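Pasting query.cif here (mmCIF, C-alpha atoms):
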data_final
loop_
_atom_site.label_atom_id
_atom_site.label_comp_id
_atom_site.auth_asym_id
_atom_site.auth_seq_id
_atom_site.Cartn_x
_atom_site.Cartn_y
_atom_site.Cartn_z
CA MET A 545 0.00 0.00 0.00
CA PRO A 546 1.38 3.48 -0.85
CA SER A 547 2.39 5.76 2.03
CA SER A 548 -0.23 8.04 3.54
CA THR A 549 1.59 11.04 2.05
CA VAL A 550 1.42 9.58 -1.45
CA GLU A 551 -2.25 8.72 -1.00
CA ASN A 552 -3.04 12.25 0.19
CA TYR A 553 -1.39 13.75 -2.90
CA LEU A 554 -3.27 11.42 -5.24
CA LYS A 555 -6.58 12.11 -3.51
CA GLU A 556 -6.08 15.87 -3.54
CA LEU A 557 -4.94 15.88 -7.16
CA TYR A 558 -8.05 13.93 -8.18
CA SER A 559 -10.33 16.41 -6.41
CA MET A 560 -8.55 19.38 -7.96
CA GLN A 561 -8.73 17.87 -11.44
CA LEU A 562 -12.51 17.99 -11.17
CA LYS A 563 -12.29 21.74 -10.55
CA TYR A 564 -9.86 22.19 -13.45
CA GLU A 565 -12.04 19.99 -15.68
CA GLY A 566 -9.24 17.60 -16.58
CA ASP A 567 -6.58 20.23 -17.28
CA LEU A 568 -3.19 20.21 -15.57
CA VAL A 569 -3.36 21.30 -11.94
CA PRO A 570 -0.84 24.07 -11.09
CA LEU A 571 1.61 22.79 -8.48
CA GLY A 572 1.30 25.99 -6.46
CA LYS A 573 -2.42 25.33 -6.02
CA LEU A 574 -1.78 21.68 -5.21
CA ALA A 575 0.85 22.63 -2.62
CA GLU A 576 -1.59 25.05 -0.99
CA ALA A 577 -4.28 22.36 -0.81
CA VAL A 578 -1.92 19.76 0.68
CA GLY A 579 -0.38 22.29 3.06
CA VAL A 580 3.24 22.22 1.90
CA THR A 581 5.61 24.52 0.02
CA ALA A 582 5.65 24.56 -3.77
CA GLY A 583 9.15 23.07 -3.70
CA THR A 584 8.03 20.14 -1.55
CA ALA A 585 5.06 19.50 -3.82
CA THR A 586 7.29 19.56 -6.90
CA ILE A 587 9.63 16.96 -5.40
CA MET A 588 6.70 14.65 -4.61
CA ILE A 589 5.06 15.11 -8.01
CA LYS A 590 8.33 14.24 -9.76
CA ARG A 591 8.52 11.09 -7.65
CA LEU A 592 4.94 10.17 -8.51
CA ALA A 593 5.64 10.81 -12.19
CA LYS A 594 8.65 8.50 -12.02
CA ASN A 595 6.37 5.81 -10.58
CA GLY A 596 3.82 6.28 -13.36
CA LEU A 597 1.10 7.78 -11.19
CA VAL A 598 1.03 11.33 -12.60
CA SER A 599 1.90 13.18 -15.78
CA TYR A 600 4.00 16.24 -15.03
CA GLU A 601 4.95 19.26 -17.13
CA ALA A 602 7.39 21.75 -15.63
CA ARG A 603 5.87 25.23 -15.08
CA SER A 604 2.47 23.90 -16.18
CA GLY A 605 1.32 21.37 -13.61
CA ALA A 606 0.33 17.75 -13.19
CA LYS A 607 -2.55 15.35 -13.63
CA LEU A 608 -3.16 11.72 -12.71
CA THR A 609 -2.41 8.86 -15.07
CA ASP A 610 -4.99 6.07 -15.35
CA GLU A 611 -3.12 4.13 -12.66
CA GLY A 612 -2.88 7.20 -10.45
CA GLU A 613 -6.61 7.81 -10.81
CA ARG A 614 -7.35 4.19 -9.90
CA LYS A 615 -5.36 4.55 -6.70
CA ALA A 616 -6.91 7.94 -5.91
CA LEU A 617 -10.42 6.53 -6.27
CA ASN A 618 -9.49 3.69 -3.94
CA VAL A 619 -8.43 6.20 -1.27
CA LEU A 620 -11.63 8.20 -1.75
CA ARG A 621 -13.67 5.01 -1.49
CA ARG A 622 -12.04 4.18 1.83
CA HIS A 623 -12.42 7.71 3.17
CA ARG A 624 -16.07 8.10 2.26
CA LEU A 625 -17.17 4.64 3.38
CA ILE A 626 -15.43 5.20 6.71
CA GLU A 627 -17.22 8.54 7.11
CA LEU A 628 -20.59 6.90 6.50
CA PHE A 629 -19.74 4.02 8.85
CA LEU A 630 -18.78 6.47 11.60
CA VAL A 631 -22.09 8.32 11.19
CA GLU A 632 -24.43 5.36 10.69
CA VAL A 633 -22.88 2.77 13.00
CA VAL A 634 -20.61 4.57 15.48
CA LYS A 635 -23.08 7.47 15.67
CA LEU A 636 -20.50 10.24 15.47
CA ASP A 637 -21.78 13.63 14.40
CA TRP A 638 -21.23 14.26 10.68
CA SER A 639 -19.14 17.31 11.53
CA GLU A 640 -16.60 15.07 13.32
CA VAL A 641 -16.01 12.27 10.84
CA HIS A 642 -13.80 13.92 8.21
CA GLU A 643 -10.71 14.17 10.42
CA GLU A 644 -11.23 10.65 11.78
CA ALA A 645 -11.53 9.26 8.25
CA GLU A 646 -8.34 11.09 7.25
CA ILE A 647 -6.50 8.87 9.75
CA LEU A 648 -8.35 5.58 9.27
CA GLU A 649 -8.36 5.62 5.45
CA HIS A 650 -4.65 4.77 5.38
CA ALA A 651 -4.92 1.83 7.77
CA ILE A 652 -8.05 -0.09 6.82
CA SER A 653 -7.68 -3.27 4.75
CA ASP A 654 -9.62 -3.90 1.55
CA HIS A 655 -11.18 -6.96 3.23
CA LEU A 656 -12.57 -4.95 6.14
CA LEU A 657 -13.67 -2.18 3.79
CA SER A 658 -15.63 -4.72 1.74
CA LYS A 659 -17.39 -5.93 4.89
CA ILE A 660 -18.28 -2.35 5.84
CA ASP A 661 -19.57 -1.73 2.31
CA ASP A 662 -21.83 -4.79 2.56
CA MET A 663 -23.02 -3.83 6.06
CA LEU A 664 -24.03 -0.38 4.84
CA GLY A 665 -25.84 -1.78 1.80
CA ASN A 666 -23.31 -0.73 -0.85
CA PRO A 667 -24.04 3.01 -0.55
CA THR A 668 -23.33 5.42 -3.38
CA HIS A 669 -22.84 8.63 -1.36
CA ASP A 670 -21.23 9.64 1.94
CA PRO A 671 -22.89 11.78 4.66
CA HIS A 672 -21.91 15.00 2.88
CA GLY A 673 -23.33 13.86 -0.46
CA ASP A 674 -19.98 13.08 -2.10
CA PRO A 675 -20.02 9.98 -4.36
CA ILE A 676 -18.49 6.76 -3.01
CA PRO A 677 -16.53 4.99 -5.77
CA ALA A 678 -17.43 1.33 -6.22
CA ALA A 679 -14.71 -1.30 -5.79
CA THR A 680 -14.40 -1.22 -9.59
CA GLY A 681 -13.76 2.54 -9.53
CA GLU A 682 -17.15 3.45 -11.00
CA ILE A 683 -18.90 6.52 -9.61
CA VAL A 684 -22.59 7.34 -9.68
CA LYS A 685 -22.76 10.75 -11.34
CA ARG A 686 -25.50 13.29 -10.70
CA ARG A 687 -26.15 16.64 -12.31
CA LEU A 688 -25.70 19.25 -9.59
CA ILE A 689 -25.79 23.03 -9.41
CA SER A 690 -25.00 25.30 -6.49
CA LEU A 691 -27.91 26.56 -4.44
CA ALA A 692 -26.69 30.08 -5.21
CA ASP A 693 -27.38 29.49 -8.92
CA SER A 694 -30.78 27.84 -8.43
CA LYS A 695 -33.94 29.40 -9.82
CA PRO A 696 -37.03 29.89 -7.62
CA GLY A 697 -38.86 26.62 -7.00
CA GLU A 698 -38.46 23.30 -5.24
CA VAL A 699 -34.97 21.77 -5.00
CA THR A 700 -33.34 18.85 -3.19
CA VAL A 701 -30.05 19.28 -1.34
CA ALA A 702 -27.53 16.75 -2.65
CA ARG A 703 -24.03 17.71 -1.50
CA ILE A 704 -22.15 19.97 0.92
CA SER A 705 -18.70 20.89 -0.39
CA ASP A 706 -17.30 22.50 2.78
CA HIS A 707 -16.50 19.80 5.35
CA SER A 708 -15.27 22.10 8.11
CA PRO A 709 -16.99 21.35 11.45
CA GLN A 710 -18.20 24.94 11.76
CA PHE A 711 -19.90 24.96 8.36
CA LEU A 712 -21.43 21.50 8.81
CA GLN A 713 -22.86 22.58 12.16
CA PHE A 714 -24.28 25.66 10.44
CA ILE A 715 -25.87 23.44 7.76
CA HIS A 716 -27.34 21.17 10.42
CA ASP A 717 -28.76 24.09 12.38
CA LYS A 718 -30.40 25.48 9.22
CA ASN A 719 -31.87 22.05 8.28
CA LEU A 720 -30.00 22.02 4.96
CA THR A 721 -28.49 18.52 5.13
CA PRO A 722 -28.44 16.25 2.04
CA ASP A 723 -31.85 14.92 0.88
CA THR A 724 -33.65 17.93 2.38
CA ILE A 725 -36.33 19.32 0.06
CA LEU A 726 -36.71 23.10 0.18
CA GLN A 727 -38.14 26.02 -1.74
CA VAL A 728 -36.01 28.74 -3.29
CA ILE A 729 -38.13 31.86 -2.89
CA ALA A 730 -35.94 34.65 -4.25
CA ARG A 731 -32.38 35.75 -5.00
CA ASP A 732 -31.03 39.23 -4.41
CA ASP A 733 -27.91 39.64 -6.52
CA ILE A 734 -27.19 43.12 -5.17
CA ALA A 735 -27.40 42.10 -1.50
CA GLU A 736 -25.85 38.72 -2.41
CA THR A 737 -28.48 36.74 -0.53
CA ILE A 738 -30.91 33.94 -1.29
CA THR A 739 -34.22 33.44 0.53
CA LEU A 740 -35.40 29.88 1.23
CA SER A 741 -38.32 28.08 2.82
CA VAL A 742 -37.25 25.01 4.80
CA ASN A 743 -39.75 23.02 6.86
CA ASN A 744 -42.19 25.94 6.65
CA GLN A 745 -39.58 28.36 7.98
CA THR A 746 -38.13 31.21 5.94
CA ILE A 747 -34.37 31.66 6.13
CA GLN A 748 -31.88 33.85 4.30
CA LEU A 749 -28.39 32.77 3.27
CA GLY A 750 -25.46 34.70 1.88
CA THR A 751 -24.43 33.53 -1.58
CA SER A 752 -20.98 32.61 -0.25
CA ALA A 753 -22.63 29.95 1.92
CA ALA A 754 -25.11 28.95 -0.78
CA ASP A 755 -22.19 28.37 -3.18
CA LYS A 756 -21.08 25.48 -0.94
CA ILE A 757 -24.48 23.78 -1.05
CA PHE A 758 -25.31 21.76 -4.15
CA VAL A 759 -28.76 20.65 -5.26
CA LEU A 760 -29.99 18.24 -7.89
CA ASP A 761 -30.19 19.87 -11.31
CA GLU A 762 -33.52 18.74 -12.75
CA SER A 763 -33.55 21.24 -15.62
CA VAL A 764 -33.02 18.44 -18.18
#
Could you express the structure from this file as structure tokens?
Amino acid sequence: MPSSTVENYLKELYSMQLKYEGDLVPLGKLAEAVGVTAGTATIMIKRLAKNGLVSYEARSGAKLTDEGERKALNVLRRHRLIELFLVEVVKLDWSEVHEEAEILEHAISDHLLSKIDDMLGNPTHDPHGDPIPAATGEIVKRRLISLADSKPGEVTVARISDHSPQFLQFIHDKNLTPDTILQVIARDDIAETITLSVNNQTIQLGTSAADKIFVLDESV
């Protein structure tokens, strides 16, 4: 099994590739996400490239190879299944599980992970709404848009992109957890707010918070 450091780089690079829509990820941005200097990130990326896990272009960036993506998806599968297990079975609060999963994802065996997967009924999404890759690497894809971009009408919360304990507690307090059905009443682009009706209560969110909440896109 690769070291935890290698796995963290692969996982972060995969997530950033989604934001860059498959283009090369600048190493400065990757270093910032991993929490290291650009020089340290460059050394690691060169090592990963030598091992066939990433493609690297000096002064441009890096992206995962097919083998690197396979390994990254395996790490994400472990992380997200552990998060769901900690919420559903251990009964930890969903705002606590990310940091715990960061530790456990590097230690759990594939055999135990398979047993957890079966126990949970082969779930497709974690507590935050992020997709759980199957053992084959397949991911259930959904069309999502941010709540900030939603038109007035009924929408279903699908994913929360900010996993910080403070934001997740805020989401819980506002009853905006995944699978919640709510009404978008109005958007005020000048005030940068969005007005919602949740469980017959009217609430107002800033668009910066609404940008981190994703709902099912049922426009097509």
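Shortest atom-to-atom contact with Val759 in chain A among A:Ile734, A:Ile652, A:Leu688, A:Val633: A:Leu688, counting all atoms listed in the file.
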Got a sec to resolve the PyMOL selection byres ((chain A and resi 608) around 12) on this structure and send the residues as a count of residues only? 36
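Note that CA of Asp670 in chain A and CA of Asn743 in chain A are 23.4 Å apart.
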Residue with the minimum atom-to-atom distance to Ala645 in chain A, picked from A:Ala754, A:Leu574, A:Val631, A:Ala702 with all atoms listed in the file counted, is A:Val631
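Compared by their closest atoms to Thr737 in chain A, and using all atoms listed in the file, the residues A:Gly583, A:Pro722, A:Pro675, A:Gly750 rank with A:Gly750 nearest.
Applied to the shown file, the PyMOL selection byres ((chain A and resi 681) around 8) selects the residues Arg614, Leu617, Asn618, Pro677, Ala678, Ala679, Thr680, Glu682 and Ile683 of chain A.
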Once the PyMOL selection byres ((chain A and resi 705) around 9) has been applied to the shown file, what residues remain in the selection, as a PyMOL selection string? chain A and resi 672-674+703-704+706-707+755-758
So what do you get for CA of Ile660 in chain A versus CA of Glu644 in chain A, distance-wise? 15.9 Å
Could you pull the residues within 8 Å of Ile676 in chain A, counting all atoms listed in the file, minus those fewer than 3 positions along the same chain, as a VMD selection string? chain A and resid 620 to 621 624 to 625 667 to 670 683 to 684
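Of the residues listed (A:Ala602, A:Ile587, A:Val742, A:Leu760), A:Val742 shows the shortest atom-to-atom separation from Asp717 in chain A; distances use only C-alpha atoms.
Taking CA of Val550 in chain A and CA of Lys590 in chain A as the two end points, the separation is 11.8 Å.
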Nearest residue to Ala730 in chain A out of A:Leu712, A:Ala575, A:Ala651, A:Leu691, using all atoms listed in the file? A:Leu691
Enclose range 623-631 of chain A, meaning all of its atoms listed in the file, in a box aligned along x, y and z, pad it by 6 Å on each side, and list the centre and edge lengths in Å to one decimal, as lines of an AutoDock Vina configuration file.
center_x = -17.3
center_y = 6.3
center_z = 6.9
size_x = 21.7
size_y = 16.5
size_z = 21.3
Shortest interatomic distance to Asp723 in chain A - which of A:Thr751, A:Met588, A:Leu664, A:Thr700, counting all atoms listed in the file: A:Thr700
Add whatever atoms are absent from range 571-600 of chain A to reach N, CA and C atoms, and provide the output as a PDB file, in the frame of the given file.
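As a result, rebuild_36.pdb now contains:
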ATOM      1  N   LEU A 571       1.023  23.352  -9.699  1.00  0.00           N
ATOM      2  CA  LEU A 571       1.610  22.790  -8.480  1.00  0.00           C
ATOM      3  C   LEU A 571       1.499  23.739  -7.295  1.00  0.00           C
ATOM      4  N   GLY A 572       1.481  25.042  -7.552  1.00  0.00           N
ATOM      5  CA  GLY A 572       1.300  25.990  -6.460  1.00  0.00           C
ATOM      6  C   GLY A 572      -0.041  25.792  -5.772  1.00  0.00           C
ATOM      7  N   LYS A 573      -1.087  25.570  -6.569  1.00  0.00           N
ATOM      8  CA  LYS A 573      -2.420  25.330  -6.020  1.00  0.00           C
ATOM      9  C   LYS A 573      -2.474  23.998  -5.283  1.00  0.00           C
ATOM     10  N   LEU A 574      -1.818  22.982  -5.857  1.00  0.00           N
ATOM     11  CA  LEU A 574      -1.780  21.680  -5.210  1.00  0.00           C
ATOM     12  C   LEU A 574      -1.057  21.761  -3.867  1.00  0.00           C
ATOM     13  N   ALA A 575       0.078  22.473  -3.853  1.00  0.00           N
ATOM     14  CA  ALA A 575       0.850  22.630  -2.620  1.00  0.00           C
ATOM     15  C   ALA A 575       0.017  23.309  -1.542  1.00  0.00           C
ATOM     16  N   GLU A 576      -0.729  24.326  -1.938  1.00  0.00           N
ATOM     17  CA  GLU A 576      -1.590  25.050  -0.990  1.00  0.00           C
ATOM     18  C   GLU A 576      -2.646  24.133  -0.407  1.00  0.00           C
ATOM     19  N   ALA A 577      -3.226  23.273  -1.261  1.00  0.00           N
ATOM     20  CA  ALA A 577      -4.280  22.360  -0.810  1.00  0.00           C
ATOM     21  C   ALA A 577      -3.732  21.293   0.134  1.00  0.00           C
ATOM     22  N   VAL A 578      -2.524  20.812  -0.148  1.00  0.00           N
ATOM     23  CA  VAL A 578      -1.920  19.760   0.680  1.00  0.00           C
ATOM     24  C   VAL A 578      -1.309  20.342   1.946  1.00  0.00           C
ATOM     25  N   GLY A 579      -0.962  21.640   1.902  1.00  0.00           N
ATOM     26  CA  GLY A 579      -0.380  22.290   3.060  1.00  0.00           C
ATOM     27  C   GLY A 579       1.126  22.209   3.137  1.00  0.00           C
ATOM     28  N   VAL A 580       1.770  22.265   1.954  1.00  0.00           N
ATOM     29  CA  VAL A 580       3.240  22.220   1.900  1.00  0.00           C
ATOM     30  C   VAL A 580       3.728  23.350   1.001  1.00  0.00           C
ATOM     31  N   THR A 581       5.046  23.517   0.920  1.00  0.00           N
ATOM     32  CA  THR A 581       5.610  24.520   0.020  1.00  0.00           C
ATOM     33  C   THR A 581       5.557  24.017  -1.409  1.00  0.00           C
ATOM     34  N   ALA A 582       5.652  24.943  -2.358  1.00  0.00           N
ATOM     35  CA  ALA A 582       5.650  24.560  -3.770  1.00  0.00           C
ATOM     36  C   ALA A 582       6.829  23.644  -4.088  1.00  0.00           C
ATOM     37  N   GLY A 583       7.974  23.901  -3.459  1.00  0.00           N
ATOM     38  CA  GLY A 583       9.150  23.070  -3.700  1.00  0.00           C
ATOM     39  C   GLY A 583       8.937  21.639  -3.236  1.00  0.00           C
ATOM     40  N   THR A 584       8.321  21.484  -2.070  1.00  0.00           N
ATOM     41  CA  THR A 584       8.030  20.140  -1.550  1.00  0.00           C
ATOM     42  C   THR A 584       7.059  19.406  -2.454  1.00  0.00           C
ATOM     43  N   ALA A 585       6.037  20.113  -2.924  1.00  0.00           N
ATOM     44  CA  ALA A 585       5.060  19.500  -3.820  1.00  0.00           C
ATOM     45  C   ALA A 585       5.708  19.069  -5.128  1.00  0.00           C
ATOM     46  N   THR A 586       6.610  19.889  -5.644  1.00  0.00           N
ATOM     47  CA  THR A 586       7.290  19.560  -6.900  1.00  0.00           C
ATOM     48  C   THR A 586       8.117  18.291  -6.754  1.00  0.00           C
ATOM     49  N   ILE A 587       8.825  18.157  -5.645  1.00  0.00           N
ATOM     50  CA  ILE A 587       9.630  16.960  -5.400  1.00  0.00           C
ATOM     51  C   ILE A 587       8.738  15.712  -5.380  1.00  0.00           C
ATOM     52  N   MET A 588       7.600  15.794  -4.687  1.00  0.00           N
ATOM     53  CA  MET A 588       6.700  14.650  -4.610  1.00  0.00           C
ATOM     54  C   MET A 588       6.078  14.322  -5.960  1.00  0.00           C
ATOM     55  N   ILE A 589       5.675  15.344  -6.710  1.00  0.00           N
ATOM     56  CA  ILE A 589       5.060  15.110  -8.010  1.00  0.00           C
ATOM     57  C   ILE A 589       6.054  14.453  -8.970  1.00  0.00           C
ATOM     58  N   LYS A 590       7.301  14.874  -8.922  1.00  0.00           N
ATOM     59  CA  LYS A 590       8.330  14.240  -9.760  1.00  0.00           C
ATOM     60  C   LYS A 590       8.499  12.775  -9.393  1.00  0.00           C
ATOM     61  N   ARG A 591       8.421  12.483  -8.111  1.00  0.00           N
ATOM     62  CA  ARG A 591       8.520  11.090  -7.650  1.00  0.00           C
ATOM     63  C   ARG A 591       7.326  10.280  -8.141  1.00  0.00           C
ATOM     64  N   LEU A 592       6.139  10.865  -8.047  1.00  0.00           N
ATOM     65  CA  LEU A 592       4.940  10.170  -8.510  1.00  0.00           C
ATOM     66  C   LEU A 592       4.962   9.968 -10.020  1.00  0.00           C
ATOM     67  N   ALA A 593       5.512  10.944 -10.733  1.00  0.00           N
ATOM     68  CA  ALA A 593       5.640  10.810 -12.190  1.00  0.00           C
ATOM     69  C   ALA A 593       6.593   9.677 -12.543  1.00  0.00           C
ATOM     70  N   LYS A 594       7.676   9.575 -11.797  1.00  0.00           N
ATOM     71  CA  LYS A 594       8.650   8.500 -12.020  1.00  0.00           C
ATOM     72  C   LYS A 594       8.019   7.133 -11.800  1.00  0.00           C
ATOM     73  N   ASN A 595       7.061   7.064 -10.880  1.00  0.00           N
ATOM     74  CA  ASN A 595       6.370   5.810 -10.580  1.00  0.00           C
ATOM     75  C   ASN A 595       5.138   5.581 -11.449  1.00  0.00           C
ATOM     76  N   GLY A 596       4.915   6.470 -12.418  1.00  0.00           N
ATOM     77  CA  GLY A 596       3.820   6.280 -13.360  1.00  0.00           C
ATOM     78  C   GLY A 596       2.448   6.637 -12.843  1.00  0.00           C
ATOM     79  N   LEU A 597       2.391   7.440 -11.780  1.00  0.00           N
ATOM     80  CA  LEU A 597       1.100   7.780 -11.190  1.00  0.00           C
ATOM     81  C   LEU A 597       0.579   9.143 -11.634  1.00  0.00           C
ATOM     82  N   VAL A 598       1.458  10.019 -12.097  1.00  0.00           N
ATOM     83  CA  VAL A 598       1.030  11.330 -12.600  1.00  0.00           C
ATOM     84  C   VAL A 598       1.799  11.682 -13.862  1.00  0.00           C
ATOM     85  N   SER A 599       1.202  12.555 -14.650  1.00  0.00           N
ATOM     86  CA  SER A 599       1.900  13.180 -15.780  1.00  0.00           C
ATOM     87  C   SER A 599       2.270  14.585 -15.325  1.00  0.00           C
ATOM     88  N   TYR A 600       3.506  14.972 -15.552  1.00  0.00           N
ATOM     89  CA  TYR A 600       4.000  16.240 -15.030  1.00  0.00           C
ATOM     90  C   TYR A 600       4.669  17.048 -16.130  1.00  0.00           C
TER      91      TYR A 600
END
